[in-house]
Each structure stands twice: as structure tokens, then as C-alpha cells.
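Participant: Below is the file structure07.tsv, which contains TSV, N, CA and C atoms.
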```tsv
chain	number	residue	atom	x	y	z
F	92	MET	N	123.06	88.01	16.32
F	92	MET	CA	122.75	89.04	17.29
F	92	MET	C	123.47	90.33	16.88
F	93	PRO	N	122.75	91.41	16.64
F	93	PRO	CA	123.37	92.69	16.31
F	93	PRO	C	124.19	93.22	17.49
F	94	TYR	N	125.34	93.81	17.18
F	94	TYR	CA	126.26	94.29	18.19
F	94	TYR	C	126.68	95.70	17.83
F	95	ILE	N	126.55	96.63	18.77
F	95	ILE	CA	126.96	98.02	18.58
F	95	ILE	C	128.05	98.32	19.60
F	96	SER	N	129.18	98.83	19.13
F	96	SER	CA	130.29	99.18	20.01
F	96	SER	C	130.61	100.66	19.87
F	97	VAL	N	130.76	101.33	21.00
F	97	VAL	CA	131.06	102.76	21.03
F	97	VAL	C	132.34	102.96	21.83
F	98	GLU	N	133.27	103.72	21.27
F	98	GLU	CA	134.47	104.09	22.01
F	98	GLU	C	134.36	105.57	22.33
F	99	SER	N	134.61	105.91	23.59
F	99	SER	CA	134.45	107.30	23.99
F	99	SER	C	135.36	107.62	25.16
F	100	GLY	N	135.39	108.89	25.49
F	100	GLY	CA	136.02	109.31	26.73
F	100	GLY	C	135.06	109.03	27.87
F	101	ALA	N	135.23	109.67	28.97
F	101	ALA	CA	134.38	109.43	30.14
F	101	ALA	C	132.96	109.95	29.91
F	102	LEU	N	131.99	109.11	30.22
F	102	LEU	CA	130.59	109.48	30.15
F	102	LEU	C	129.96	109.28	31.52
F	103	THR	N	128.94	110.07	31.81
F	103	THR	CA	128.22	109.86	33.06
F	103	THR	C	127.32	108.63	32.92
F	104	SER	N	126.85	108.12	34.02
F	104	SER	CA	125.94	106.98	33.99
F	104	SER	C	124.68	107.31	33.21
F	105	GLU	N	124.18	108.53	33.37
F	105	GLU	CA	122.98	108.95	32.64
F	105	GLU	C	123.24	109.01	31.14
F	106	GLN	N	124.39	109.51	30.74
F	106	GLN	CA	124.74	109.56	29.31
F	106	GLN	C	124.83	108.15	28.73
F	107	LYS	N	125.43	107.24	29.48
F	107	LYS	CA	125.54	105.85	29.01
F	107	LYS	C	124.16	105.23	28.84
F	108	LYS	N	123.30	105.44	29.81
F	108	LYS	CA	121.94	104.89	29.76
F	108	LYS	C	121.21	105.42	28.54
F	109	ASP	N	121.26	106.71	28.32
F	109	ASP	CA	120.60	107.36	27.20
F	109	ASP	C	121.17	106.86	25.87
F	110	LEU	N	122.48	106.77	25.79
F	110	LEU	CA	123.14	106.31	24.57
F	110	LEU	C	122.73	104.88	24.23
F	111	ILE	N	122.74	104.00	25.21
F	111	ILE	CA	122.36	102.61	24.99
F	111	ILE	C	120.90	102.53	24.52
F	112	GLU	N	120.01	103.24	25.19
F	112	GLU	CA	118.59	103.22	24.82
F	112	GLU	C	118.35	103.76	23.42
F	113	ARG	N	118.96	104.89	23.11
F	113	ARG	CA	118.71	105.53	21.82
F	113	ARG	C	119.36	104.80	20.66
F	114	LEU	N	120.59	104.30	20.85
F	114	LEU	CA	121.24	103.51	19.79
F	114	LEU	C	120.43	102.25	19.49
F	115	THR	N	119.98	101.59	20.54
F	115	THR	CA	119.20	100.36	20.36
F	115	THR	C	117.89	100.65	19.64
F	116	ALA	N	117.18	101.67	20.08
F	116	ALA	CA	115.89	102.01	19.46
F	116	ALA	C	116.05	102.39	17.99
F	117	THR	N	117.05	103.19	17.68
F	117	THR	CA	117.27	103.63	16.31
F	117	THR	C	117.68	102.47	15.42
F	118	ALA	N	118.61	101.64	15.88
F	118	ALA	CA	119.05	100.49	15.09
F	118	ALA	C	117.91	99.51	14.87
F	119	SER	N	117.10	99.31	15.89
F	119	SER	CA	115.95	98.41	15.77
F	119	SER	C	114.95	98.94	14.75
F	120	GLU	N	114.70	100.24	14.79
F	120	GLU	CA	113.76	100.86	13.85
F	120	GLU	C	114.26	100.72	12.41
F	121	ILE	N	115.54	100.96	12.20
F	121	ILE	CA	116.11	100.92	10.84
F	121	ILE	C	116.17	99.49	10.30
F	122	THR	N	116.59	98.55	11.15
F	122	THR	CA	116.81	97.18	10.69
F	122	THR	C	115.58	96.28	10.80
F	123	HIS	N	114.58	96.71	11.55
F	123	HIS	CA	113.38	95.90	11.83
F	123	HIS	C	113.73	94.63	12.62
F	124	ILE	N	114.81	94.70	13.38
F	124	ILE	CA	115.20	93.63	14.29
F	124	ILE	C	114.75	94.06	15.69
F	125	PRO	N	114.07	93.20	16.43
F	125	PRO	CA	113.60	93.59	17.77
F	125	PRO	C	114.75	94.07	18.67
F	126	ALA	N	114.47	95.11	19.45
F	126	ALA	CA	115.49	95.70	20.33
F	126	ALA	C	116.11	94.69	21.28
F	127	LYS	N	115.35	93.69	21.69
F	127	LYS	CA	115.86	92.72	22.66
F	127	LYS	C	117.03	91.90	22.13
F	128	PHE	N	117.28	91.95	20.84
F	128	PHE	CA	118.38	91.19	20.27
F	128	PHE	C	119.68	92.00	20.15
F	129	PHE	N	119.64	93.28	20.44
F	129	PHE	CA	120.82	94.14	20.32
F	129	PHE	C	121.68	94.11	21.57
F	130	THR	N	122.97	94.12	21.36
F	130	THR	CA	123.95	94.25	22.43
F	130	THR	C	124.73	95.54	22.18
F	131	VAL	N	124.88	96.36	23.21
F	131	VAL	CA	125.64	97.61	23.10
F	131	VAL	C	126.75	97.59	24.14
F	132	THR	N	127.96	97.91	23.72
F	132	THR	CA	129.06	98.06	24.66
F	132	THR	C	129.64	99.46	24.51
F	133	ILE	N	130.09	100.01	25.62
F	133	ILE	CA	130.76	101.31	25.63
F	133	ILE	C	132.15	101.11	26.19
F	134	LYS	N	133.15	101.40	25.37
F	134	LYS	CA	134.54	101.28	25.80
F	134	LYS	C	135.05	102.68	26.13
F	135	GLU	N	135.39	102.88	27.38
F	135	GLU	CA	135.89	104.19	27.78
F	135	GLU	C	137.41	104.14	27.87
F	136	LEU	N	138.01	104.97	27.07
F	136	LEU	CA	139.46	105.06	27.04
F	136	LEU	C	139.86	106.53	27.16
F	137	PRO	N	140.93	106.80	27.86
F	137	PRO	CA	141.35	108.20	28.03
F	137	PRO	C	141.64	108.88	26.69
F	138	ASP	N	141.26	110.15	26.57
F	138	ASP	CA	141.46	110.91	25.34
F	138	ASP	C	142.92	110.99	24.93
F	139	GLU	N	143.84	110.91	25.88
F	139	GLU	CA	145.25	110.99	25.52
F	139	GLU	C	145.74	109.73	24.81
F	140	ASN	N	144.91	108.70	24.75
F	140	ASN	CA	145.27	107.46	24.06
F	140	ASN	C	144.89	107.46	22.59
F	141	PHE	N	144.25	108.54	22.11
F	141	PHE	CA	143.84	108.64	20.72
F	141	PHE	C	144.37	109.92	20.11
F	142	GLY	N	144.66	109.87	18.83
F	142	GLY	CA	145.14	111.07	18.15
F	142	GLY	C	144.52	111.22	16.78
F	143	ILE	N	144.40	112.48	16.35
F	143	ILE	CA	143.93	112.81	15.02
F	143	ILE	C	144.86	113.90	14.48
F	144	GLY	N	145.37	113.69	13.31
F	144	GLY	CA	146.21	114.71	12.68
F	144	GLY	C	147.45	115.05	13.48
F	145	GLY	N	148.00	114.08	14.18
F	145	GLY	CA	149.23	114.28	14.94
F	145	GLY	C	149.04	114.89	16.32
F	146	LYS	N	147.79	115.06	16.75
F	146	LYS	CA	147.52	115.63	18.06
F	146	LYS	C	146.61	114.68	18.84
F	147	SER	N	146.83	114.63	20.15
F	147	SER	CA	145.97	113.79	20.98
F	147	SER	C	144.60	114.44	21.11
F	148	ILE	N	143.59	113.61	21.35
F	148	ILE	CA	142.23	114.12	21.47
F	148	ILE	C	142.11	115.10	22.63
F	149	ASP	N	142.78	114.81	23.75
F	149	ASP	CA	142.68	115.75	24.87
F	149	ASP	C	143.26	117.11	24.50
F	150	GLU	N	144.32	117.14	23.69
F	150	GLU	CA	144.90	118.42	23.25
F	150	GLU	C	143.91	119.13	22.32
F	151	ILE	N	143.29	118.40	21.42
F	151	ILE	CA	142.32	118.99	20.51
F	151	ILE	C	141.16	119.59	21.29
F	152	LYS	N	140.65	118.86	22.30
F	152	LYS	CA	139.55	119.37	23.12
F	152	LYS	C	139.95	120.62	23.88
F	153	ARG	N	141.18	120.64	24.42
F	153	ARG	CA	141.64	121.82	25.18
F	153	ARG	C	141.68	123.05	24.31
F	154	ASN	N	142.03	122.88	23.03
F	154	ASN	CA	142.21	124.02	22.14
F	154	ASN	C	140.98	124.32	21.28
F	155	TYR	N	139.90	123.58	21.50
F	155	TYR	CA	138.69	123.75	20.68
F	155	TYR	C	137.97	125.05	21.07
F	156	LYS	N	137.66	125.84	20.04
F	156	LYS	CA	136.89	127.06	20.25
F	156	LYS	C	135.76	127.05	19.25
F	157	PRO	N	134.51	126.86	19.73
F	157	PRO	CA	133.35	126.80	18.81
F	157	PRO	C	133.07	128.10	18.10
```
Could you rewrite the structure in this file as C-alpha cells?
Facilitator:
Amino acid sequence: MPYISVESGALTSEQKKDLIERLTATASEITHIPAKFFTVTIKELPDENFGIGGKSIDEIKRNYKP
């Protein structure tokens, strides 16, 4: 059984629904495995629990300027 795991910050219910549907559809299309066999989990963890380059993700997001 194919398994897709996503780690993220807080997502809305609509974002989760869309993510699960689109990840499943794309993986099914690429692998030719029927969508009904895919399992998707979303692990939501606070951004302050992750760091990149010595800074927490929440700090990086606060200072991000596109």
C-alpha cells in the first residue's frame, strides 16, 4: 500500500482536503496504482519545533520578504 506523509504547520480543513486529493491523484497518475490504495497522513507540528540554518521556521517566516 503506497503511503504519503506530509509534515507541515497549521493547515485549514480545506487545504488538507485539497492536499490529500491532489497528492493522491498525482501519485496514482505517475505510478499507475489506483488511488484507492494510497494512504495520506498530515502531521501538523508547530513551526518553532523545526529549524533551518540555525533559525526556527517561525523566525524565518516572520522575516521573509518576497
Participant: Atom N of Leu102 in chain F to atom C of Lys134 in chain F: how many Å, to one decimal?
Facilitator: 8.2 Å
Participant: Of the residues F:Asp138, F:Ile133, F:Pro157, F:Glu120, which is the one nearest to Lys107 in chain F, using all atoms listed in the file?
Facilitator: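 Closest to Lys107 in chain F of all the choices is F:Ile133.
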Participant: Compare F:Thr130, F:Ser147, F:Asn140, F:Asn154 by their minimum atom-to-atom distance to Met92 in chain F, counting only N, CA and C atoms, and give me the closest one.
Facilitator: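 Distance minimum relative to Met92 in chain F lands on F:Thr130.
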Participant: Could you give me the residues within range 96-137 of chain F that DSSP places in helix (DSSP H, G or I), as a PyMOL selection string?
Facilitator: chain F and resi 104-122+126-128
Participant: What gap, in Å, lies between atom C of Gly100 in chain F and atom N of Ala116 in chain F?
Facilitator: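 Computing the Euclidean distance for atom C of Gly100 in chain F and atom N of Ala116 in chain F yields 20.8 Å.
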Participant: Could you pull the residues within 6.5 Å of Phe128 in chain F, counting all atoms listed in the file, minus those fewer than 3 positions along the same chain, as a PyMOL selection string?
Facilitator: chain F and resi 92-93+124-125
Participant: Which polymer residues have any atom within 12 Å of an atom of range 95-99 of chain F, counting only C-alpha atoms, with same-chain residues fewer than 5 positions away left out, as JSON, numbers by chain?
Facilitator: {"F": [106, 107, 110, 111, 112, 113, 114, 115, 116, 117, 118, 119, 126, 128, 129, 130, 131, 132, 133, 134, 135, 136, 137, 138, 139, 140, 141, 148, 149]}
Participant: Just give me the gap between CA of Lys127 in chain F and CA of Tyr94 in chain F in Å, one decimal is fine.
Facilitator: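 The value is 11.4 Å.
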Participant: Kindly add all heavy atoms to the incomplete range 94-105 of chain F and provide the output as a PDB file, in the coordinates of the input.
Facilitator:
```pdb
ATOM      1  N   TYR F  94     125.340  93.810  17.180  1.00  0.00           N
ATOM      2  CA  TYR F  94     126.260  94.290  18.190  1.00  0.00           C
ATOM      3  C   TYR F  94     126.680  95.700  17.830  1.00  0.00           C
ATOM      4  O   TYR F  94     127.125  95.960  16.715  1.00  0.00           O
ATOM      5  CB  TYR F  94     127.473  93.354  18.240  1.00  0.00           C
ATOM      6  CG  TYR F  94     128.569  93.774  19.175  1.00  0.00           C
ATOM      7  CD1 TYR F  94     128.441  93.590  20.539  1.00  0.00           C
ATOM      8  CD2 TYR F  94     129.737  94.344  18.694  1.00  0.00           C
ATOM      9  CE1 TYR F  94     129.455  93.964  21.405  1.00  0.00           C
ATOM     10  CE2 TYR F  94     130.750  94.716  19.548  1.00  0.00           C
ATOM     11  CZ  TYR F  94     130.609  94.528  20.902  1.00  0.00           C
ATOM     12  OH  TYR F  94     131.615  94.903  21.750  1.00  0.00           O
ATOM     13  N   ILE F  95     126.550  96.630  18.770  1.00  0.00           N
ATOM     14  CA  ILE F  95     126.960  98.020  18.580  1.00  0.00           C
ATOM     15  C   ILE F  95     128.050  98.320  19.600  1.00  0.00           C
ATOM     16  O   ILE F  95     127.876  98.096  20.793  1.00  0.00           O
ATOM     17  CB  ILE F  95     125.786  98.998  18.787  1.00  0.00           C
ATOM     18  CG1 ILE F  95     124.656  98.684  17.796  1.00  0.00           C
ATOM     19  CG2 ILE F  95     126.260 100.443  18.645  1.00  0.00           C
ATOM     20  CD1 ILE F  95     123.368  99.436  18.089  1.00  0.00           C
ATOM     21  N   SER F  96     129.180  98.830  19.130  1.00  0.00           N
ATOM     22  CA  SER F  96     130.290  99.180  20.010  1.00  0.00           C
ATOM     23  C   SER F  96     130.610 100.660  19.870  1.00  0.00           C
ATOM     24  O   SER F  96     130.705 101.174  18.755  1.00  0.00           O
ATOM     25  CB  SER F  96     131.526  98.349  19.649  1.00  0.00           C
ATOM     26  OG  SER F  96     132.614  98.691  20.470  1.00  0.00           O
ATOM     27  N   VAL F  97     130.760 101.330  21.000  1.00  0.00           N
ATOM     28  CA  VAL F  97     131.060 102.760  21.030  1.00  0.00           C
ATOM     29  C   VAL F  97     132.340 102.960  21.830  1.00  0.00           C
ATOM     30  O   VAL F  97     132.477 102.429  22.923  1.00  0.00           O
ATOM     31  CB  VAL F  97     129.905 103.556  21.694  1.00  0.00           C
ATOM     32  CG1 VAL F  97     130.248 105.030  21.783  1.00  0.00           C
ATOM     33  CG2 VAL F  97     128.607 103.328  20.962  1.00  0.00           C
ATOM     34  N   GLU F  98     133.270 103.720  21.270  1.00  0.00           N
ATOM     35  CA  GLU F  98     134.470 104.090  22.010  1.00  0.00           C
ATOM     36  C   GLU F  98     134.360 105.570  22.330  1.00  0.00           C
ATOM     37  O   GLU F  98     134.052 106.378  21.465  1.00  0.00           O
ATOM     38  CB  GLU F  98     135.722 103.803  21.183  1.00  0.00           C
ATOM     39  CG  GLU F  98     135.954 102.326  20.979  1.00  0.00           C
ATOM     40  CD  GLU F  98     137.252 102.010  20.287  1.00  0.00           C
ATOM     41  OE1 GLU F  98     138.131 102.888  20.201  1.00  0.00           O
ATOM     42  OE2 GLU F  98     137.387 100.872  19.834  1.00  0.00           O
ATOM     43  N   SER F  99     134.610 105.910  23.590  1.00  0.00           N
ATOM     44  CA  SER F  99     134.450 107.300  23.990  1.00  0.00           C
ATOM     45  C   SER F  99     135.360 107.620  25.160  1.00  0.00           C
ATOM     46  O   SER F  99     135.965 106.740  25.744  1.00  0.00           O
ATOM     47  CB  SER F  99     132.998 107.574  24.386  1.00  0.00           C
ATOM     48  OG  SER F  99     132.717 106.964  25.617  1.00  0.00           O
ATOM     49  N   GLY F 100     135.390 108.890  25.490  1.00  0.00           N
ATOM     50  CA  GLY F 100     136.020 109.310  26.730  1.00  0.00           C
ATOM     51  C   GLY F 100     135.060 109.030  27.870  1.00  0.00           C
ATOM     52  O   GLY F 100     134.130 108.232  27.726  1.00  0.00           O
ATOM     53  N   ALA F 101     135.230 109.670  28.970  1.00  0.00           N
ATOM     54  CA  ALA F 101     134.380 109.430  30.140  1.00  0.00           C
ATOM     55  C   ALA F 101     132.960 109.950  29.910  1.00  0.00           C
ATOM     56  O   ALA F 101     132.763 111.067  29.442  1.00  0.00           O
ATOM     57  CB  ALA F 101     134.982 110.109  31.359  1.00  0.00           C
ATOM     58  N   LEU F 102     131.990 109.110  30.220  1.00  0.00           N
ATOM     59  CA  LEU F 102     130.590 109.480  30.150  1.00  0.00           C
ATOM     60  C   LEU F 102     129.960 109.280  31.520  1.00  0.00           C
ATOM     61  O   LEU F 102     130.380 108.408  32.272  1.00  0.00           O
ATOM     62  CB  LEU F 102     129.831 108.605  29.138  1.00  0.00           C
ATOM     63  CG  LEU F 102     130.269 108.667  27.681  1.00  0.00           C
ATOM     64  CD1 LEU F 102     129.533 107.610  26.864  1.00  0.00           C
ATOM     65  CD2 LEU F 102     130.012 110.050  27.117  1.00  0.00           C
ATOM     66  N   THR F 103     128.940 110.070  31.810  1.00  0.00           N
ATOM     67  CA  THR F 103     128.220 109.860  33.060  1.00  0.00           C
ATOM     68  C   THR F 103     127.320 108.630  32.920  1.00  0.00           C
ATOM     69  O   THR F 103     127.038 108.176  31.807  1.00  0.00           O
ATOM     70  CB  THR F 103     127.335 111.074  33.403  1.00  0.00           C
ATOM     71  OG1 THR F 103     126.304 111.170  32.414  1.00  0.00           O
ATOM     72  CG2 THR F 103     128.142 112.372  33.452  1.00  0.00           C
ATOM     73  N   SER F 104     126.850 108.120  34.020  1.00  0.00           N
ATOM     74  CA  SER F 104     125.940 106.980  33.990  1.00  0.00           C
ATOM     75  C   SER F 104     124.680 107.310  33.210  1.00  0.00           C
ATOM     76  O   SER F 104     124.165 106.477  32.459  1.00  0.00           O
ATOM     77  CB  SER F 104     125.566 106.557  35.421  1.00  0.00           C
ATOM     78  OG  SER F 104     126.687 106.054  36.088  1.00  0.00           O
ATOM     79  N   GLU F 105     124.180 108.530  33.370  1.00  0.00           N
ATOM     80  CA  GLU F 105     122.980 108.950  32.640  1.00  0.00           C
ATOM     81  C   GLU F 105     123.240 109.010  31.140  1.00  0.00           C
ATOM     82  O   GLU F 105     122.388 108.612  30.328  1.00  0.00           O
ATOM     83  CB  GLU F 105     122.483 110.305  33.157  1.00  0.00           C
ATOM     84  CG  GLU F 105     121.162 110.735  32.584  1.00  0.00           C
ATOM     85  CD  GLU F 105     120.016 109.772  32.857  1.00  0.00           C
ATOM     86  OE1 GLU F 105     119.973 109.157  33.939  1.00  0.00           O
ATOM     87  OE2 GLU F 105     119.160 109.626  31.976  1.00  0.00           O
TER      88      GLU F 105
END
```
